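What's in input_16.csv: CSV, C-alpha atoms
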```csv
chain,number,residue,atom,x,y,z
A,1,MET,CA,0.0,0.0,0.0
A,2,ALA,CA,1.4,3.4,-1.0
A,3,LEU,CA,2.5,5.8,1.6
A,4,SER,CA,0.4,8.8,2.2
A,5,TYR,CA,1.7,12.3,1.5
A,6,ARG,CA,1.4,13.2,5.3
A,7,GLY,CA,3.4,10.1,6.3
A,8,VAL,CA,6.2,10.8,3.8
A,9,CYS,CA,6.6,14.4,5.0
A,10,ARG,CA,6.4,13.3,8.6
A,11,GLY,CA,9.2,10.9,7.9
A,12,ALA,CA,11.2,13.6,6.3
A,13,SER,CA,10.7,15.8,9.3
A,14,LEU,CA,12.1,13.0,11.6
A,15,ILE,CA,15.1,12.6,9.3
A,16,LEU,CA,15.7,16.3,9.5
A,17,LEU,CA,15.4,16.4,13.3
A,18,TYR,CA,17.2,13.2,14.3
A,19,GLY,CA,19.3,12.3,11.3
A,20,LYS,CA,17.7,8.8,11.0
A,21,ARG,CA,15.2,7.4,8.6
A,22,PRO,CA,12.2,5.8,10.3
A,23,VAL,CA,11.5,2.1,9.5
A,24,GLY,CA,9.2,1.8,6.5
A,25,VAL,CA,9.9,5.2,5.1
A,26,LYS,CA,11.8,5.2,1.8
A,27,ALA,CA,13.5,8.0,0.0
A,28,SER,CA,11.1,9.7,-2.3
A,29,LEU,CA,10.3,13.2,-3.6
A,30,CYS,CA,11.2,14.8,-0.3
A,31,THR,CA,14.9,13.9,-0.7
A,32,PRO,CA,15.9,16.9,-2.9
A,33,ARG,CA,14.2,19.2,-0.4
A,34,LEU,CA,16.3,17.7,2.3
A,35,ALA,CA,19.4,18.3,0.2
A,36,SER,CA,18.4,21.9,-0.3
A,37,THR,CA,17.8,22.3,3.4
A,38,LYS,CA,21.2,20.9,4.2
A,39,SER,CA,22.8,23.3,1.8
A,40,SER,CA,21.0,26.2,3.5
A,41,LEU,CA,22.3,25.0,6.9
A,42,TRP,CA,25.9,24.8,5.5
A,43,PHE,CA,25.6,28.4,4.2
A,44,VAL,CA,24.4,29.7,7.5
A,45,ARG,CA,27.1,27.8,9.3
A,46,HIS,CA,29.9,29.3,7.1
A,47,TYR,CA,28.4,32.8,6.7
A,48,SER,CA,30.8,35.5,7.9
A,49,PRO,CA,29.6,39.1,8.5
A,50,SER,CA,33.2,40.4,8.1
A,51,GLN,CA,33.4,38.9,4.6
A,52,ALA,CA,30.1,40.5,3.7
A,53,ARG,CA,31.3,43.9,5.0
A,54,SER,CA,34.6,43.6,3.1
A,55,GLY,CA,32.7,42.8,-0.1
A,56,ILE,CA,30.5,45.8,0.4
A,57,GLY,CA,33.5,48.0,1.1
A,58,ARG,CA,35.2,46.9,-2.1
A,59,SER,CA,32.1,47.7,-4.0
A,60,VAL,CA,31.9,51.2,-2.5
A,61,VAL,CA,35.5,51.9,-3.2
A,62,SER,CA,35.2,50.7,-6.8
A,63,GLY,CA,32.2,52.9,-7.2
A,64,LEU,CA,33.9,56.0,-5.8
A,65,LYS,CA,37.0,55.3,-7.9
A,66,TRP,CA,34.8,55.1,-11.0
A,67,ALA,CA,33.0,58.3,-10.2
A,68,ASN,CA,36.3,60.1,-9.5
A,69,GLU,CA,37.8,59.0,-12.8
A,70,LYS,CA,34.6,60.2,-14.6
A,71,TYR,CA,34.8,63.5,-12.8
A,72,GLU,CA,38.5,64.0,-13.7
A,73,ARG,CA,37.7,63.3,-17.4
A,74,PHE,CA,34.9,65.9,-17.3
A,75,LEU,CA,37.3,68.5,-15.8
A,76,GLN,CA,40.0,67.7,-18.3
A,77,ARG,CA,37.6,68.0,-21.2
A,78,ARG,CA,35.7,71.1,-20.1
A,79,PHE,CA,38.1,73.0,-17.7
A,80,PRO,CA,41.6,72.0,-18.7
A,81,ARG,CA,43.4,74.8,-16.7
A,82,PHE,CA,41.4,74.0,-13.6
A,83,TYR,CA,42.1,70.3,-14.1
A,84,VAL,CA,45.9,71.0,-13.9
A,85,ILE,CA,45.4,72.6,-10.5
A,86,TYR,CA,43.0,69.8,-9.3
A,87,HIS,CA,45.4,67.1,-10.5
A,88,THR,CA,48.4,68.8,-8.8
A,89,PHE,CA,46.4,69.1,-5.6
A,90,MET,CA,45.3,65.4,-5.5
A,91,ARG,CA,48.8,64.2,-6.5
A,92,GLY,CA,50.3,66.3,-3.8
A,93,PHE,CA,48.1,64.7,-1.1
A,94,ARG,CA,48.9,61.2,-2.3
A,95,LEU,CA,52.7,62.0,-2.2
A,96,LEU,CA,52.3,63.5,1.3
A,97,PHE,CA,50.4,60.4,2.5
A,98,GLN,CA,53.1,58.1,1.1
A,99,ASP,CA,55.8,60.1,2.8
A,100,GLY,CA,53.9,59.9,6.1
A,101,LYS,CA,53.7,56.1,5.7
A,102,GLU,CA,57.4,55.9,5.0
A,103,VAL,CA,58.3,58.0,8.0
A,104,ARG,CA,56.1,55.8,10.2
A,105,ARG,CA,57.9,52.8,8.9
A,106,ILE,CA,61.3,54.4,9.7
A,107,VAL,CA,60.3,55.4,13.2
A,108,SER,CA,58.8,52.0,13.9
A,109,ARG,CA,62.1,50.4,12.9
A,110,MET,CA,64.0,52.9,15.1
A,111,LEU,CA,61.9,51.9,18.1
A,112,SER,CA,62.0,48.2,17.5
A,113,GLU,CA,65.7,47.9,16.7
A,114,ARG,CA,66.7,50.8,19.1
A,115,ILE,CA,68.5,52.7,16.3
A,116,GLU,CA,69.5,56.3,17.1
A,117,HIS,CA,68.8,59.0,14.7
A,118,GLN,CA,72.5,59.7,13.8
A,119,ASN,CA,73.0,56.0,12.9
A,120,LEU,CA,70.1,55.9,10.3
A,121,PRO,CA,70.9,55.4,6.6
A,122,TYR,CA,71.2,58.7,4.7
A,123,ARG,CA,67.9,58.2,2.8
A,124,ASP,CA,65.9,57.6,5.9
A,125,MET,CA,67.5,60.5,7.7
A,126,GLU,CA,66.8,62.8,4.7
A,127,LYS,CA,63.2,61.6,4.5
A,128,ILE,CA,62.5,62.4,8.1
A,129,ARG,CA,64.1,65.9,7.7
A,130,GLN,CA,62.1,66.7,4.6
A,131,VAL,CA,58.8,65.4,5.8
A,132,ARG,CA,59.1,67.3,9.1
A,133,LYS,CA,59.8,70.5,7.1
A,134,ASP,CA,56.9,69.8,4.8
A,135,LEU,CA,54.4,69.1,7.6
A,136,ILE,CA,55.2,72.3,9.4
A,137,LYS,CA,54.4,74.2,6.2
A,138,ALA,CA,51.4,72.0,5.2
A,139,ILE,CA,49.5,72.0,8.6
A,140,PRO,CA,47.6,75.3,7.9
A,141,LEU,CA,46.6,74.0,4.4
A,142,VAL,CA,45.4,70.7,5.8
A,143,ILE,CA,43.3,72.4,8.5
A,144,LEU,CA,41.8,74.8,6.0
A,145,SER,CA,40.7,71.8,3.8
A,146,ILE,CA,38.7,70.1,6.6
A,147,PRO,CA,35.4,72.1,6.4
A,148,PRO,CA,32.9,71.1,3.7
A,149,PHE,CA,33.6,72.8,0.3
A,150,ALA,CA,36.7,74.4,1.7
A,151,ASN,CA,38.9,72.6,-0.8
A,152,TYR,CA,37.7,75.2,-3.4
A,153,VAL,CA,39.2,77.9,-1.3
A,154,VAL,CA,42.4,75.9,-1.2
A,155,PHE,CA,42.4,75.7,-5.0
A,156,ILE,CA,42.2,79.5,-5.2
A,157,LEU,CA,45.1,79.8,-2.7
A,158,MET,CA,47.1,77.3,-4.8
A,159,TYR,CA,46.6,79.4,-7.8
A,160,LEU,CA,47.4,82.8,-6.2
A,161,TYR,CA,50.1,81.9,-3.7
A,162,PRO,CA,51.7,78.5,-4.6
A,163,ARG,CA,55.2,79.3,-3.4
A,164,GLN,CA,54.2,80.9,0.0
A,165,LEU,CA,51.5,78.4,1.0
A,166,LEU,CA,52.2,75.1,-0.6
A,167,ILE,CA,54.9,72.5,-0.2
A,168,ARG,CA,56.9,70.9,-3.0
A,169,HIS,CA,54.4,68.1,-3.4
A,170,PHE,CA,51.9,70.6,-4.7
A,171,TRP,CA,54.2,72.3,-7.2
A,172,THR,CA,54.4,71.5,-10.9
A,173,PRO,CA,57.9,70.6,-12.3
A,174,GLN,CA,58.1,74.1,-13.8
A,175,GLN,CA,57.2,75.8,-10.5
A,176,LEU,CA,59.8,73.7,-8.7
A,177,VAL,CA,62.6,75.1,-10.9
A,178,GLU,CA,61.2,78.6,-10.8
A,179,PHE,CA,60.7,78.7,-7.0
A,180,ARG,CA,64.2,77.3,-6.3
A,181,GLY,CA,65.6,80.1,-8.3
A,182,VAL,CA,63.6,82.6,-6.2
A,183,TYR,CA,64.7,81.1,-3.0
A,184,GLN,CA,68.3,81.0,-4.1
A,185,ALA,CA,68.1,84.7,-5.0
A,186,GLN,CA,66.8,85.4,-1.5
A,187,ARG,CA,69.8,83.5,-0.1
A,188,ALA,CA,72.2,85.5,-2.2
A,189,GLN,CA,70.8,88.8,-0.8
A,190,HIS,CA,72.3,87.8,2.6
A,191,HIS,CA,75.7,86.5,1.4
A,192,TRP,CA,77.5,89.8,1.5
A,193,ALA,CA,76.0,90.8,4.8
A,194,ILE,CA,77.4,87.6,6.3
A,195,VAL,CA,80.9,88.2,4.8
A,196,LYS,CA,80.9,91.8,5.9
A,197,GLY,CA,79.9,90.7,9.5
A,198,MET,CA,82.8,88.2,9.6
A,199,GLU,CA,85.2,91.0,8.3
A,200,SER,CA,84.1,93.4,11.0
A,201,THR,CA,84.4,90.7,13.7
A,202,SER,CA,87.9,89.8,12.6
A,203,THR,CA,89.2,93.0,14.2
A,204,SER,CA,88.5,91.5,17.6
A,205,VAL,CA,90.5,88.3,16.9
A,206,GLN,CA,93.6,88.2,19.2
A,207,ASP,CA,95.6,85.7,17.2
A,208,THR,CA,97.4,87.6,14.4
A,209,ARG,CA,97.8,84.5,12.2
A,210,LEU,CA,94.1,83.5,12.4
A,211,LYS,CA,93.1,87.2,11.9
A,212,SER,CA,95.1,87.5,8.7
A,213,ARG,CA,93.7,84.1,7.4
A,214,LEU,CA,90.1,85.1,8.1
A,215,THR,CA,90.6,88.5,6.4
A,216,GLU,CA,92.2,86.8,3.4
A,217,LEU,CA,89.4,84.3,3.2
A,218,CYS,CA,86.7,87.0,3.2
A,219,SER,CA,88.6,88.9,0.5
A,220,LYS,CA,88.6,85.8,-1.7
A,221,VAL,CA,84.9,85.3,-1.3
A,222,ARG,CA,84.1,89.0,-2.0
A,223,SER,CA,86.2,88.9,-5.2
A,224,GLY,CA,84.2,85.8,-6.4
A,225,VAL,CA,87.0,83.3,-5.9
A,226,HIS,CA,85.9,79.9,-4.6
A,227,PRO,CA,88.2,79.1,-1.6
A,228,VAL,CA,89.8,75.7,-1.3
A,229,VAL,CA,89.1,73.3,1.7
A,230,SER,CA,92.4,74.1,3.3
A,231,ASP,CA,91.7,77.8,3.5
A,232,VAL,CA,88.4,77.2,5.2
A,233,HIS,CA,89.8,74.7,7.6
A,234,ALA,CA,92.5,77.1,8.7
A,235,VAL,CA,90.0,79.4,10.5
A,236,ARG,CA,87.6,76.8,11.9
A,237,THR,CA,88.8,77.2,15.5
A,238,LEU,CA,87.5,80.8,15.5
A,239,PHE,CA,83.9,79.3,15.4
A,240,SER,CA,84.2,77.2,18.5
A,241,GLY,CA,84.0,80.2,20.8
A,242,PRO,CA,84.3,84.0,20.8
A,243,PRO,CA,84.0,86.0,18.6
A,244,LEU,CA,82.3,83.8,16.0
A,245,GLY,CA,80.8,81.0,18.1
A,246,ILE,CA,77.0,80.7,18.0
A,247,LYS,CA,76.7,81.8,21.7
A,248,ARG,CA,78.8,85.0,21.0
A,249,MET,CA,77.4,85.9,17.7
A,250,TYR,CA,75.3,89.1,17.3
A,251,ALA,CA,71.6,88.7,16.7
A,252,ASP,CA,71.7,90.5,13.3
A,253,GLN,CA,74.4,88.1,12.1
A,254,MET,CA,72.3,85.1,13.2
A,255,ARG,CA,69.3,86.5,11.4
A,256,HIS,CA,71.2,86.6,8.2
A,257,LEU,CA,72.2,83.0,8.7
A,258,CYS,CA,68.5,82.1,9.1
A,259,ALA,CA,68.0,83.0,5.4
A,260,LEU,CA,70.4,80.3,4.3
A,261,LEU,CA,68.2,77.7,6.0
A,262,PHE,CA,64.9,79.3,5.2
A,263,LEU,CA,64.2,79.8,8.9
A,264,THR,CA,62.1,82.7,10.1
A,265,PRO,CA,64.3,85.5,11.6
A,266,ARG,CA,61.4,87.0,13.5
A,267,LEU,CA,62.2,85.3,16.8
A,268,PRO,CA,64.2,86.3,19.9
A,269,GLY,CA,68.0,86.0,19.6
A,270,PHE,CA,68.4,83.1,22.0
A,271,TRP,CA,65.7,81.1,20.2
A,272,ILE,CA,67.3,81.8,16.8
A,273,GLY,CA,70.7,80.5,18.2
A,274,ARG,CA,69.1,77.3,19.3
A,275,ARG,CA,67.5,76.6,16.0
A,276,LEU,CA,70.6,77.4,14.0
A,277,ASN,CA,72.7,75.1,16.2
A,278,SER,CA,70.1,72.3,15.8
A,279,HIS,CA,69.9,72.6,12.0
A,280,ALA,CA,73.7,72.8,11.7
A,281,PHE,CA,74.1,69.7,13.8
A,282,GLU,CA,71.5,67.9,11.7
A,283,LEU,CA,73.4,68.9,8.5
A,284,MET,CA,76.6,67.5,9.9
A,285,GLN,CA,74.8,64.2,10.6
A,286,LEU,CA,73.5,64.1,7.1
A,287,ASP,CA,77.0,64.6,5.7
A,288,ARG,CA,78.4,61.7,7.8
A,289,ALA,CA,75.5,59.6,6.5
A,290,ILE,CA,76.4,60.4,2.9
A,291,VAL,CA,80.0,59.3,3.6
A,292,ARG,CA,78.8,56.0,5.1
A,293,LEU,CA,76.6,55.4,2.1
A,294,GLY,CA,79.1,56.6,-0.5
A,295,LEU,CA,78.6,59.6,-2.7
A,296,HIS,CA,78.6,57.5,-5.8
A,297,GLN,CA,75.4,55.8,-4.5
A,298,LEU,CA,73.3,59.0,-4.9
A,299,ASN,CA,71.2,59.3,-8.0
A,300,ASP,CA,71.0,62.6,-9.9
A,301,THR,CA,67.9,63.9,-8.0
A,302,GLU,CA,69.4,63.1,-4.6
A,303,LEU,CA,72.7,64.7,-5.6
A,304,ARG,CA,71.1,67.9,-6.7
A,305,GLU,CA,68.8,68.0,-3.6
A,306,ALA,CA,71.9,67.6,-1.4
A,307,CYS,CA,73.7,70.5,-3.1
A,308,TYR,CA,70.6,72.7,-2.8
A,309,VAL,CA,70.2,72.0,0.9
A,310,ARG,CA,73.8,73.1,1.5
A,311,GLY,CA,73.5,76.4,-0.3
A,312,LEU,CA,74.3,75.6,-4.0
A,313,ASN,CA,71.8,76.1,-6.8
A,314,PRO,CA,72.2,73.0,-9.0
A,315,ASP,CA,69.8,73.8,-11.7
A,316,ARG,CA,72.4,75.3,-14.1
A,317,LEU,CA,75.1,72.8,-13.2
A,318,SER,CA,75.9,69.4,-14.6
A,319,SER,CA,75.8,66.2,-12.5
A,320,GLY,CA,79.6,66.1,-12.6
A,321,GLN,CA,79.9,69.7,-11.3
A,322,CYS,CA,77.4,69.0,-8.5
A,323,ARG,CA,79.3,65.8,-7.5
A,324,GLU,CA,82.7,67.7,-7.4
A,325,TRP,CA,81.3,70.5,-5.3
A,326,LEU,CA,79.6,68.1,-2.9
A,327,THR,CA,82.9,66.1,-2.6
A,328,GLN,CA,84.7,69.2,-1.5
A,329,TRP,CA,81.9,70.0,1.0
A,330,LEU,CA,82.1,66.6,2.6
A,331,GLN,CA,85.9,66.9,2.9
A,332,PHE,CA,85.3,70.1,4.8
A,333,SER,CA,82.3,69.2,7.0
A,334,THR,CA,83.3,65.7,8.1
A,335,HIS,CA,86.4,67.0,9.9
A,336,LEU,CA,84.6,69.5,12.0
A,337,LYS,CA,84.1,69.0,15.7
A,338,GLY,CA,80.8,69.1,17.7
A,339,THR,CA,81.4,72.7,18.8
A,340,GLN,CA,81.9,74.0,15.3
A,341,GLU,CA,78.4,73.5,13.9
A,342,VAL,CA,77.9,77.2,13.1
A,343,PHE,CA,81.0,77.1,10.8
A,344,VAL,CA,78.9,74.8,8.5
A,345,LEU,CA,76.3,77.6,8.2
A,346,ASN,CA,78.9,80.3,7.5
A,347,SER,CA,80.4,78.0,4.9
A,348,MET,CA,77.1,77.8,3.0
A,349,ASN,CA,77.9,81.4,2.0
A,350,LYS,CA,81.2,80.4,0.3
```
Take the structure in this file and express it as structure tokens.
Amino acid sequence: MALSYRGVCRGASLILLYGKRPVGVKASLCTPRLASTKSSLWFVRHYSPSQARSGIGRSVVSGLKWANEKYERFLQRRFPRFYVIYHTFMRGFRLLFQDGKEVRRIVSRMLSERIEHQNLPYRDMEKIRQVRKDLIKAIPLVILSIPPFANYVVFILMYLYPRQLLIRHFWTPQQLVEFRGVYQAQRAQHHWAIVKGMESTSTSVQDTRLKSRLTELCSKVRSGVHPVVSDVHAVRTLFSGPPLGIKRMYADQMRHLCALLFLTPRLPGFWIGRRLNSHAFELMQLDRAIVRLGLHQLNDTELREACYVRGLNPDRLSSGQCREWLTQWLQFSTHLKGTQEVFVLNSMNK
């Protein structure tokens, strides 16, 4: 006698609940439904909310990326000049974010391996120096970009005052060359004031031999002759104490030295002295890191950046000329003692 529909379903229910088939109940049309039910149970058992969220996140990111690319194509087609500013702005933030990640990696390595700053490789040390300088200048711009629609104000500022308000990440290649020329011209305005200050200070030098060598060195610089390393080393002891040491230098003289490092001179004299001493010591550490690395290991961009930081405008010089100048600089700076940091700053004028 055939089984009734109710009996078959009741048997299927027992199988589902107890995992056993009752006696007299055979597999029939309910078996596929049981397989489907088991599949549903397997899906529920292996379902992960985190996987679902990650999938939704990837979809949202893909959608935003597509919308941004479409928006950029629209700007490039309809407003090409505005697109250049927009593209420079977005690229600058990406580069700034990458630098931040790189510095975070370096600092984490310093903490985990207990590496002191002066023992870092040259590229890591230079990256920290440059990012710190960029962040100090970029903080007002980042704060201004936080409110809604404030980025349009930032675009206007980028267009009107790019050199004063923006860091190098937000400059076009043409602006980078142009602004370096402007900054180098500003440096040159203070060169003669620094030389004149050393000449006037030489009258208070008690040692006749050192006094004559300092006067001769200043005369060479004023006449446009590039002094050799031995001439500069001959007067280095004068910068360890009076009258040319950082603690005995006049405030006006220190303010002229600030221009060589692009530091603000509108600070009290004691504060300016501390900042000059700190930057000069950092420059000496960078020089020693280059020596450890090997000057031949620097690529063309790193070579020119190193010359520019030390007071030379490399834009009109060949790579060979930059390398020769930096070699002489390293021969001079790596033989200075810890109390002669300010001599490095005065030598940026030569």
Residues within 9 Å of (70.3, 75.6, -9.9), file coords, all atoms listed in the file, listed as a PyMOL selection string: chain A and resi 177+180-181+184+304+308+312-317
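Closest approach to Leu257 in chain A from the set A:Asp99, A:Gly241, A:Gln164, A:Val344 is made by A:Val344, with distances taken over all atoms listed in the file.
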Point-to-point distance from CA of Val228 in chain A to CA of Gln189 in chain A, Å rounded to tenths: 23.1 Å
Two-atom distance - CA of Tyr71 in chain A, CA of Arg163 in chain A (Å): 27.5 Å
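Our summary of the geometry notes that CA of Arg91 in chain A is positioned 7.5 Å from CA of His169 in chain A.
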10 Å contact set for His226 in chain A, only C-alpha atoms, chain neighbours under 4 positions out, as number ranges by chain: A: 217, 220-222, 350
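Compared by their closest atoms to Asn277 in chain A, and using all atoms listed in the file, the residues A:Leu295, A:Met125, A:Leu96, A:Leu261 rank with A:Leu261 nearest.
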9 Å contact set for Met90 in chain A, all atoms listed in the file, chain neighbours under 5 positions out, as JSON, numbers by chain: {"A": [85, 95, 170]}
If I only want range 317-328 of chain A, can you write it with C-alpha atoms, as a tab-separated table (two decimals), in the first residue's frame?
```tsv
chain	number	residue	atom	x	y	z
A	317	LEU	CA	75.15	72.79	-13.21
A	318	SER	CA	75.89	69.36	-14.61
A	319	SER	CA	75.84	66.23	-12.49
A	320	GLY	CA	79.64	66.10	-12.57
A	321	GLN	CA	79.94	69.66	-11.28
A	322	CYS	CA	77.44	68.97	-8.49
A	323	ARG	CA	79.33	65.82	-7.50
A	324	GLU	CA	82.66	67.65	-7.45
A	325	TRP	CA	81.26	70.47	-5.29
A	326	LEU	CA	79.62	68.05	-2.86
A	327	THR	CA	82.87	66.08	-2.59
A	328	GLN	CA	84.70	69.22	-1.46
```
